[in-house]
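Q: My structure is below; once you've seen it, I'll send some questions.
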Amino acid sequence: MAGMPGSGKTTYLASLWTLLSEGCVSTMYKKEVGVMPEDCATLNQIAQEILSYKDIERTKIGEKVKLSIPLKDENGADVFLRIPDLAGEVFRNLVEDRQLPKETVSRLREADCILFFTYYKNMSYEKRIVDGSYDTVNREYTNDENKDKQTSAGLDNQINKKRDANESEVVELLLSLLELLKKSKKSVNIRFIMSAWDMVEKEYGNEILPEEFAKKKFPLLYQCIYSNRDRMNFEFWGVSAIGGNLADRDDIKRIQSEESKAIKVVAPSGERSNDLTVLLTEMGDDK
Ligand SMILES: Nc1nc2c(ncn2[C@@H]2O[C@H](COP(=O)(O)OP(=O)(O)OP(=O)(O)O)[C@@H](O)[C@H]2O)c(=O)[nH]1
Ligand SMILES: [Mg+2]
């Protein structure tokens, strides 16, 4: 999983673990009874927080949680799943300092598929048309407490820990990952995950397809993906790993009654399910 801070990575992983361990939703990949993953206790703790409708804490640099477990596919064949959950800060640092831990680089090189998360609500707004005499990008803060961080000229071109990443920085992250993988992979398999799909549907209606949403909301990222299409196999997915907004009482009531059925996964074709494991299917040349 890759993605800037607050893009929905940990929530996906913990909800995926809940689905696999409870087994009450029919899933493409299944866990055998009694098989437990490494890091089971931590995953249970995060999953429990989500199940008690609490906002989970951001992953810190150095935390090394992963979901590492043998599964069975629909034909009963063995597959081994390994998804490390890194702090978004690690990816922010890649954009800011051009550095990524060696271990993460090798994991990315070994990965069959990268799940690249974005959550549009946890991104800074970026105004690209500059008024006045500045010929640079003018970034604005969505967060009040960060307003004073803008320079007197109203410009701040440095990504920093005080504000959410903006679209240009997400583009930078994607380009940096492609650069890192250039030598080891002819073509990189990437699924672009539009997190918190429940929020998207509230705002844009439930007819919108994940790719249409990406094109509308992230035009720069979308353009970058298409102009690098010879370097990746890619797909756009919508995922609501919680099923609703934990700050909204009506949503919480609905999640309480629907339970795991509140989870939503929208495939590139628009096909819907509650199965978070469909994102684990092979793609591209590996199919
Ligand atoms: N409405 C809604 N919000 C969600 C959903 N999934 C995640 N979120 C929100 O996104 C926030 C961030 O999610 P995390 O899973 O912590 O994000 P992360 O990518 O792990 O962030 P870092 O640990 O900082 O890298 C959560 O606190 C939720 O508020 C969802 O399905 N629906
Ligand atoms: Mg996290």
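So you can find residues: chains in the structure tokens are A, B, ... in the order shown, residues in each start at 1, and ligands are numbered from 1 in order.
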Step by step, measure atom-to-atom distances between ligand 2 and each residue using only C-alpha atoms and all ligand atoms, keep those at most 10 Å, then write them as a PyMOL selection string.
A: chain A and resi 3-14+56-61+63+65+85-89
Q: Just the residues within 12 Å of segment 199-205 of chain A, please, counting only C-alpha atoms, with nothing from its chain fewer than 4 positions along; format it as a list in words.
A: Tyr119, Tyr120, Lys121, Asn122, Met194, Ser195, Leu209, Pro210, Glu212, Phe213, Ala214, Lys216, Lys217, Gly238, Val239, Ser240, Ala241, Ile242, Gly243, Gly244, Asn245, Leu246, Ala247, Asp248, Asp251, Lys264 and Val266 of chain A
Q: Could you please determine the separation between atom CA of Glu211 of chain A and atom CA of Ile225 of chain A in Å, to one decimal place?
A: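 Computing it gives 11.2 Å between the two atoms.
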Q: Calculate how many Å separate atom CA of Phe234 of chain A from atom CA of Asn189 of chain A, rounding to one decimal.
A: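 Interatomic distance here is 6.0 Å.
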Q: Write down as a list in words the residues of segment 65-115 of chain A whose backbone DSSP state falls under strand (DSSP E or B).
A: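 Reading the DSSP output for segment 65-115 of chain A, strand (DSSP E or B) covers Val65, Lys66, Leu67, Ser68, Ile69, Pro70, Leu71, Lys72, Asp78, Val79, Phe80, Leu81, Arg82, Ile83, Pro84, Asp85, Ile114 and Leu115 of chain A.
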Q: Would you mind exporting C-alpha atoms of the selected residues as a tab-separated table (two decimals), in the first residue's frame?
A:
```tsv
chain	number	residue	atom	x	y	z
A	65	VAL	CA	2.29	-3.51	11.09
A	66	LYS	CA	1.53	-5.91	8.29
A	67	LEU	CA	-1.16	-8.37	7.32
A	68	SER	CA	0.81	-11.48	6.49
A	69	ILE	CA	-1.27	-14.63	6.14
A	70	PRO	CA	-1.90	-17.68	3.91
A	71	LEU	CA	-5.29	-17.63	2.16
A	72	LYS	CA	-7.27	-19.83	-0.22
A	78	ASP	CA	-3.02	-21.43	-1.77
A	79	VAL	CA	-2.03	-17.78	-2.01
A	80	PHE	CA	0.13	-15.91	0.41
A	81	LEU	CA	-0.93	-12.37	1.26
A	82	ARG	CA	1.53	-9.86	2.60
A	83	ILE	CA	0.51	-6.22	2.94
A	84	PRO	CA	2.76	-3.94	4.98
A	85	ASP	CA	1.15	-0.80	6.39
A	114	ILE	CA	0.63	-1.51	-5.51
A	115	LEU	CA	-2.56	-0.23	-3.92
```
Q: I'd like the neighbourhood of Pro101 of chain A as a PyMOL selection string, where a residue qualifies if any of its atoms comes within 12 Å (using only C-alpha atoms), though same-chain residues fewer than 4 positions away should be ignored.
A: chain A and resi 61-62+86+89-91+93-94+97+105-108+180
Q: Taking only C-alpha atoms and all ligand atoms into account, name the residue in A:Leu175, A:Leu221, A:Met36, A:Ala47 that is nearest to ligand 1.
A: A:Ala47
Q: Please give the complete set of residues from segment 10-196 of chain A that DSSP, run on the backbone, assigns to alpha helix (DSSP H), formatted as a PDB file with N, CA and C atoms, in the first residue's frame.
A:
```pdb
ATOM      1  N   THR A  10      -4.526   2.312   6.549  1.00  0.00           N
ATOM      2  CA  THR A  10      -4.709   1.476   7.748  1.00  0.00           C
ATOM      3  C   THR A  10      -6.163   1.033   7.890  1.00  0.00           C
ATOM      4  N   THR A  11      -7.089   1.928   7.564  1.00  0.00           N
ATOM      5  CA  THR A  11      -8.512   1.588   7.681  1.00  0.00           C
ATOM      6  C   THR A  11      -8.833   0.405   6.762  1.00  0.00           C
ATOM      7  N   TYR A  12      -8.295   0.463   5.534  1.00  0.00           N
ATOM      8  CA  TYR A  12      -8.530  -0.645   4.590  1.00  0.00           C
ATOM      9  C   TYR A  12      -7.976  -1.950   5.174  1.00  0.00           C
ATOM     10  N   LEU A  13      -6.740  -1.902   5.652  1.00  0.00           N
ATOM     11  CA  LEU A  13      -6.091  -3.125   6.129  1.00  0.00           C
ATOM     12  C   LEU A  13      -6.843  -3.731   7.321  1.00  0.00           C
ATOM     13  N   ALA A  14      -7.245  -2.863   8.262  1.00  0.00           N
ATOM     14  CA  ALA A  14      -7.938  -3.367   9.460  1.00  0.00           C
ATOM     15  C   ALA A  14      -9.317  -3.920   9.084  1.00  0.00           C
ATOM     16  N   SER A  15     -10.016  -3.262   8.157  1.00  0.00           N
ATOM     17  CA  SER A  15     -11.339  -3.767   7.750  1.00  0.00           C
ATOM     18  C   SER A  15     -11.199  -5.061   6.952  1.00  0.00           C
ATOM     19  N   LEU A  16     -10.123  -5.148   6.159  1.00  0.00           N
ATOM     20  CA  LEU A  16      -9.864  -6.385   5.409  1.00  0.00           C
ATOM     21  C   LEU A  16      -9.659  -7.537   6.399  1.00  0.00           C
ATOM     22  N   TRP A  17      -8.897  -7.262   7.445  1.00  0.00           N
ATOM     23  CA  TRP A  17      -8.651  -8.285   8.466  1.00  0.00           C
ATOM     24  C   TRP A  17      -9.961  -8.698   9.144  1.00  0.00           C
ATOM     25  N   THR A  18     -10.825  -7.723   9.451  1.00  0.00           N
ATOM     26  CA  THR A  18     -12.113  -8.042  10.079  1.00  0.00           C
ATOM     27  C   THR A  18     -12.930  -8.962   9.166  1.00  0.00           C
ATOM     28  N   LEU A  19     -12.981  -8.624   7.867  1.00  0.00           N
ATOM     29  CA  LEU A  19     -13.757  -9.466   6.930  1.00  0.00           C
ATOM     30  C   LEU A  19     -13.223 -10.887   6.897  1.00  0.00           C
ATOM     31  N   LEU A  20     -11.876 -10.997   6.816  1.00  0.00           N
ATOM     32  CA  LEU A  20     -11.269 -12.331   6.735  1.00  0.00           C
ATOM     33  C   LEU A  20     -11.486 -13.120   8.019  1.00  0.00           C
ATOM     34  N   SER A  21     -11.368 -12.431   9.157  1.00  0.00           N
ATOM     35  CA  SER A  21     -11.449 -13.173  10.419  1.00  0.00           C
ATOM     36  C   SER A  21     -12.893 -13.512  10.785  1.00  0.00           C
ATOM     37  N   GLU A  22     -13.846 -12.627  10.455  1.00  0.00           N
ATOM     38  CA  GLU A  22     -15.237 -12.919  10.827  1.00  0.00           C
ATOM     39  C   GLU A  22     -15.892 -13.872   9.838  1.00  0.00           C
ATOM     40  N   CYS A  40      -1.237 -10.125  14.693  1.00  0.00           N
ATOM     41  CA  CYS A  40      -2.665 -10.315  14.924  1.00  0.00           C
ATOM     42  C   CYS A  40      -3.215  -9.364  15.999  1.00  0.00           C
ATOM     43  N   ALA A  41      -2.454  -9.241  17.107  1.00  0.00           N
ATOM     44  CA  ALA A  41      -2.945  -8.427  18.229  1.00  0.00           C
ATOM     45  C   ALA A  41      -3.131  -6.975  17.810  1.00  0.00           C
ATOM     46  N   THR A  42      -2.148  -6.433  17.084  1.00  0.00           N
ATOM     47  CA  THR A  42      -2.250  -5.028  16.669  1.00  0.00           C
ATOM     48  C   THR A  42      -3.391  -4.846  15.678  1.00  0.00           C
ATOM     49  N   LEU A  43      -3.496  -5.788  14.743  1.00  0.00           N
ATOM     50  CA  LEU A  43      -4.581  -5.669  13.754  1.00  0.00           C
ATOM     51  C   LEU A  43      -5.937  -5.728  14.447  1.00  0.00           C
ATOM     52  N   ASN A  44      -6.067  -6.632  15.434  1.00  0.00           N
ATOM     53  CA  ASN A  44      -7.335  -6.731  16.187  1.00  0.00           C
ATOM     54  C   ASN A  44      -7.649  -5.434  16.905  1.00  0.00           C
ATOM     55  N   GLN A  45      -6.604  -4.831  17.465  1.00  0.00           N
ATOM     56  CA  GLN A  45      -6.812  -3.584  18.216  1.00  0.00           C
ATOM     57  C   GLN A  45      -7.314  -2.457  17.298  1.00  0.00           C
ATOM     58  N   ILE A  46      -6.686  -2.329  16.124  1.00  0.00           N
ATOM     59  CA  ILE A  46      -7.124  -1.272  15.187  1.00  0.00           C
ATOM     60  C   ILE A  46      -8.541  -1.582  14.684  1.00  0.00           C
ATOM     61  N   ALA A  47      -8.772  -2.875  14.360  1.00  0.00           N
ATOM     62  CA  ALA A  47     -10.095  -3.269  13.864  1.00  0.00           C
ATOM     63  C   ALA A  47     -11.161  -2.969  14.915  1.00  0.00           C
ATOM     64  N   GLN A  48     -10.809  -3.204  16.189  1.00  0.00           N
ATOM     65  CA  GLN A  48     -11.754  -2.958  17.276  1.00  0.00           C
ATOM     66  C   GLN A  48     -12.119  -1.477  17.376  1.00  0.00           C
ATOM     67  N   GLU A  49     -11.116  -0.622  17.166  1.00  0.00           N
ATOM     68  CA  GLU A  49     -11.385   0.825  17.207  1.00  0.00           C
ATOM     69  C   GLU A  49     -12.374   1.213  16.124  1.00  0.00           C
ATOM     70  N   ILE A  50     -12.173   0.657  14.934  1.00  0.00           N
ATOM     71  CA  ILE A  50     -13.099   0.979  13.829  1.00  0.00           C
ATOM     72  C   ILE A  50     -14.491   0.445  14.156  1.00  0.00           C
ATOM     73  N   LEU A  51     -14.535  -0.774  14.723  1.00  0.00           N
ATOM     74  CA  LEU A  51     -15.837  -1.362  15.050  1.00  0.00           C
ATOM     75  C   LEU A  51     -16.536  -0.612  16.182  1.00  0.00           C
ATOM     76  N   GLY A  88       2.018   7.142   6.183  1.00  0.00           N
ATOM     77  CA  GLY A  88       1.998   8.052   5.030  1.00  0.00           C
ATOM     78  C   GLY A  88       3.186   9.007   5.055  1.00  0.00           C
ATOM     79  N   GLU A  89       3.701   9.254   6.273  1.00  0.00           N
ATOM     80  CA  GLU A  89       4.878  10.136   6.437  1.00  0.00           C
ATOM     81  C   GLU A  89       6.063   9.618   5.624  1.00  0.00           C
ATOM     82  N   VAL A  90       6.165   8.298   5.522  1.00  0.00           N
ATOM     83  CA  VAL A  90       7.266   7.690   4.764  1.00  0.00           C
ATOM     84  C   VAL A  90       7.169   8.132   3.301  1.00  0.00           C
ATOM     85  N   PHE A  91       5.954   8.172   2.782  1.00  0.00           N
ATOM     86  CA  PHE A  91       5.763   8.556   1.382  1.00  0.00           C
ATOM     87  C   PHE A  91       5.890  10.070   1.224  1.00  0.00           C
ATOM     88  N   ARG A  92       5.454  10.799   2.259  1.00  0.00           N
ATOM     89  CA  ARG A  92       5.620  12.258   2.229  1.00  0.00           C
ATOM     90  C   ARG A  92       7.121  12.596   2.186  1.00  0.00           C
ATOM     91  N   ASN A  93       7.910  11.839   2.982  1.00  0.00           N
ATOM     92  CA  ASN A  93       9.360  12.067   2.996  1.00  0.00           C
ATOM     93  C   ASN A  93      10.000  11.783   1.646  1.00  0.00           C
ATOM     94  N   LEU A  94       9.420  10.833   0.922  1.00  0.00           N
ATOM     95  CA  LEU A  94       9.962  10.528  -0.401  1.00  0.00           C
ATOM     96  C   LEU A  94       9.823  11.768  -1.302  1.00  0.00           C
ATOM     97  N   VAL A  95       8.686  12.428  -1.184  1.00  0.00           N
ATOM     98  CA  VAL A  95       8.458  13.626  -1.998  1.00  0.00           C
ATOM     99  C   VAL A  95       9.296  14.799  -1.474  1.00  0.00           C
ATOM    100  N   GLU A  96       9.372  14.908  -0.154  1.00  0.00           N
ATOM    101  CA  GLU A  96      10.066  16.053   0.444  1.00  0.00           C
ATOM    102  C   GLU A  96      11.591  15.925   0.351  1.00  0.00           C
ATOM    103  N   ASP A  97      12.110  14.751   0.725  1.00  0.00           N
ATOM    104  CA  ASP A  97      13.573  14.579   0.824  1.00  0.00           C
ATOM    105  C   ASP A  97      14.147  13.651  -0.227  1.00  0.00           C
ATOM    106  N   LYS A 102      15.501   1.562   2.507  1.00  0.00           N
ATOM    107  CA  LYS A 102      15.886   0.486   1.564  1.00  0.00           C
ATOM    108  C   LYS A 102      14.892  -0.667   1.591  1.00  0.00           C
ATOM    109  N   GLU A 103      14.454  -1.012   2.833  1.00  0.00           N
ATOM    110  CA  GLU A 103      13.544  -2.145   2.988  1.00  0.00           C
ATOM    111  C   GLU A 103      12.246  -1.894   2.208  1.00  0.00           C
ATOM    112  N   THR A 104      11.765  -0.644   2.254  1.00  0.00           N
ATOM    113  CA  THR A 104      10.525  -0.307   1.546  1.00  0.00           C
ATOM    114  C   THR A 104      10.728  -0.398   0.045  1.00  0.00           C
ATOM    115  N   VAL A 105      11.908   0.041  -0.409  1.00  0.00           N
ATOM    116  CA  VAL A 105      12.198  -0.033  -1.844  1.00  0.00           C
ATOM    117  C   VAL A 105      12.175  -1.498  -2.295  1.00  0.00           C
ATOM    118  N   SER A 106      12.818  -2.390  -1.505  1.00  0.00           N
ATOM    119  CA  SER A 106      12.796  -3.802  -1.937  1.00  0.00           C
ATOM    120  C   SER A 106      11.386  -4.358  -1.904  1.00  0.00           C
ATOM    121  N   ARG A 107      10.607  -4.005  -0.890  1.00  0.00           N
ATOM    122  CA  ARG A 107       9.219  -4.499  -0.840  1.00  0.00           C
ATOM    123  C   ARG A 107       8.442  -4.058  -2.070  1.00  0.00           C
ATOM    124  N   LEU A 108       8.626  -2.779  -2.458  1.00  0.00           N
ATOM    125  CA  LEU A 108       7.905  -2.265  -3.627  1.00  0.00           C
ATOM    126  C   LEU A 108       8.331  -3.007  -4.884  1.00  0.00           C
ATOM    127  N   ARG A 109       9.622  -3.318  -4.951  1.00  0.00           N
ATOM    128  CA  ARG A 109      10.127  -4.027  -6.136  1.00  0.00           C
ATOM    129  C   ARG A 109       9.583  -5.445  -6.213  1.00  0.00           C
ATOM    130  N   GLU A 110       9.360  -6.049  -5.035  1.00  0.00           N
ATOM    131  CA  GLU A 110       8.842  -7.423  -5.009  1.00  0.00           C
ATOM    132  C   GLU A 110       7.324  -7.474  -5.203  1.00  0.00           C
ATOM    133  N   GLU A 167      -2.514  17.760  -4.604  1.00  0.00           N
ATOM    134  CA  GLU A 167      -2.498  16.885  -5.774  1.00  0.00           C
ATOM    135  C   GLU A 167      -1.121  16.807  -6.444  1.00  0.00           C
ATOM    136  N   SER A 168      -0.424  17.954  -6.537  1.00  0.00           N
ATOM    137  CA  SER A 168       0.906  17.922  -7.182  1.00  0.00           C
ATOM    138  C   SER A 168       1.835  16.984  -6.437  1.00  0.00           C
ATOM    139  N   GLU A 169       1.702  16.970  -5.110  1.00  0.00           N
ATOM    140  CA  GLU A 169       2.581  16.113  -4.318  1.00  0.00           C
ATOM    141  C   GLU A 169       2.220  14.634  -4.481  1.00  0.00           C
ATOM    142  N   VAL A 170       0.943  14.358  -4.676  1.00  0.00           N
ATOM    143  CA  VAL A 170       0.536  12.980  -4.942  1.00  0.00           C
ATOM    144  C   VAL A 170       1.099  12.549  -6.307  1.00  0.00           C
ATOM    145  N   VAL A 171       1.082  13.471  -7.271  1.00  0.00           N
ATOM    146  CA  VAL A 171       1.673  13.194  -8.592  1.00  0.00           C
ATOM    147  C   VAL A 171       3.170  12.915  -8.432  1.00  0.00           C
ATOM    148  N   GLU A 172       3.836  13.754  -7.631  1.00  0.00           N
ATOM    149  CA  GLU A 172       5.268  13.566  -7.365  1.00  0.00           C
ATOM    150  C   GLU A 172       5.528  12.191  -6.775  1.00  0.00           C
ATOM    151  N   LEU A 173       4.642  11.794  -5.855  1.00  0.00           N
ATOM    152  CA  LEU A 173       4.803  10.478  -5.218  1.00  0.00           C
ATOM    153  C   LEU A 173       4.705   9.369  -6.263  1.00  0.00           C
ATOM    154  N   LEU A 174       3.706   9.460  -7.127  1.00  0.00           N
ATOM    155  CA  LEU A 174       3.546   8.434  -8.152  1.00  0.00           C
ATOM    156  C   LEU A 174       4.775   8.397  -9.066  1.00  0.00           C
ATOM    157  N   LEU A 175       5.237   9.570  -9.491  1.00  0.00           N
ATOM    158  CA  LEU A 175       6.397   9.609 -10.394  1.00  0.00           C
ATOM    159  C   LEU A 175       7.649   9.069  -9.702  1.00  0.00           C
ATOM    160  N   SER A 176       7.807   9.379  -8.416  1.00  0.00           N
ATOM    161  CA  SER A 176       8.969   8.867  -7.679  1.00  0.00           C
ATOM    162  C   SER A 176       8.922   7.352  -7.586  1.00  0.00           C
ATOM    163  N   LEU A 177       7.734   6.806  -7.340  1.00  0.00           N
ATOM    164  CA  LEU A 177       7.617   5.339  -7.249  1.00  0.00           C
ATOM    165  C   LEU A 177       7.933   4.705  -8.598  1.00  0.00           C
ATOM    166  N   LEU A 178       7.425   5.300  -9.664  1.00  0.00           N
ATOM    167  CA  LEU A 178       7.694   4.738 -11.002  1.00  0.00           C
ATOM    168  C   LEU A 178       9.190   4.786 -11.309  1.00  0.00           C
ATOM    169  N   GLU A 179       9.825   5.874 -10.882  1.00  0.00           N
ATOM    170  CA  GLU A 179      11.262   6.027 -11.107  1.00  0.00           C
ATOM    171  C   GLU A 179      12.033   4.935 -10.359  1.00  0.00           C
ATOM    172  N   LEU A 180      11.626   4.718  -9.081  1.00  0.00           N
ATOM    173  CA  LEU A 180      12.300   3.696  -8.269  1.00  0.00           C
ATOM    174  C   LEU A 180      12.161   2.298  -8.857  1.00  0.00           C
ATOM    175  N   LEU A 181      11.037   2.065  -9.528  1.00  0.00           N
ATOM    176  CA  LEU A 181      10.751   0.713 -10.021  1.00  0.00           C
ATOM    177  C   LEU A 181      11.154   0.522 -11.481  1.00  0.00           C
TER     178      LEU A 181
END
```
Q: In terms of the shortest atom-to-atom distance over only C-alpha atoms, which of A:Asp230, A:Asp73, A:Glu207, A:Asp164 is closest to Thr281 of chain A?
A: A:Asp73
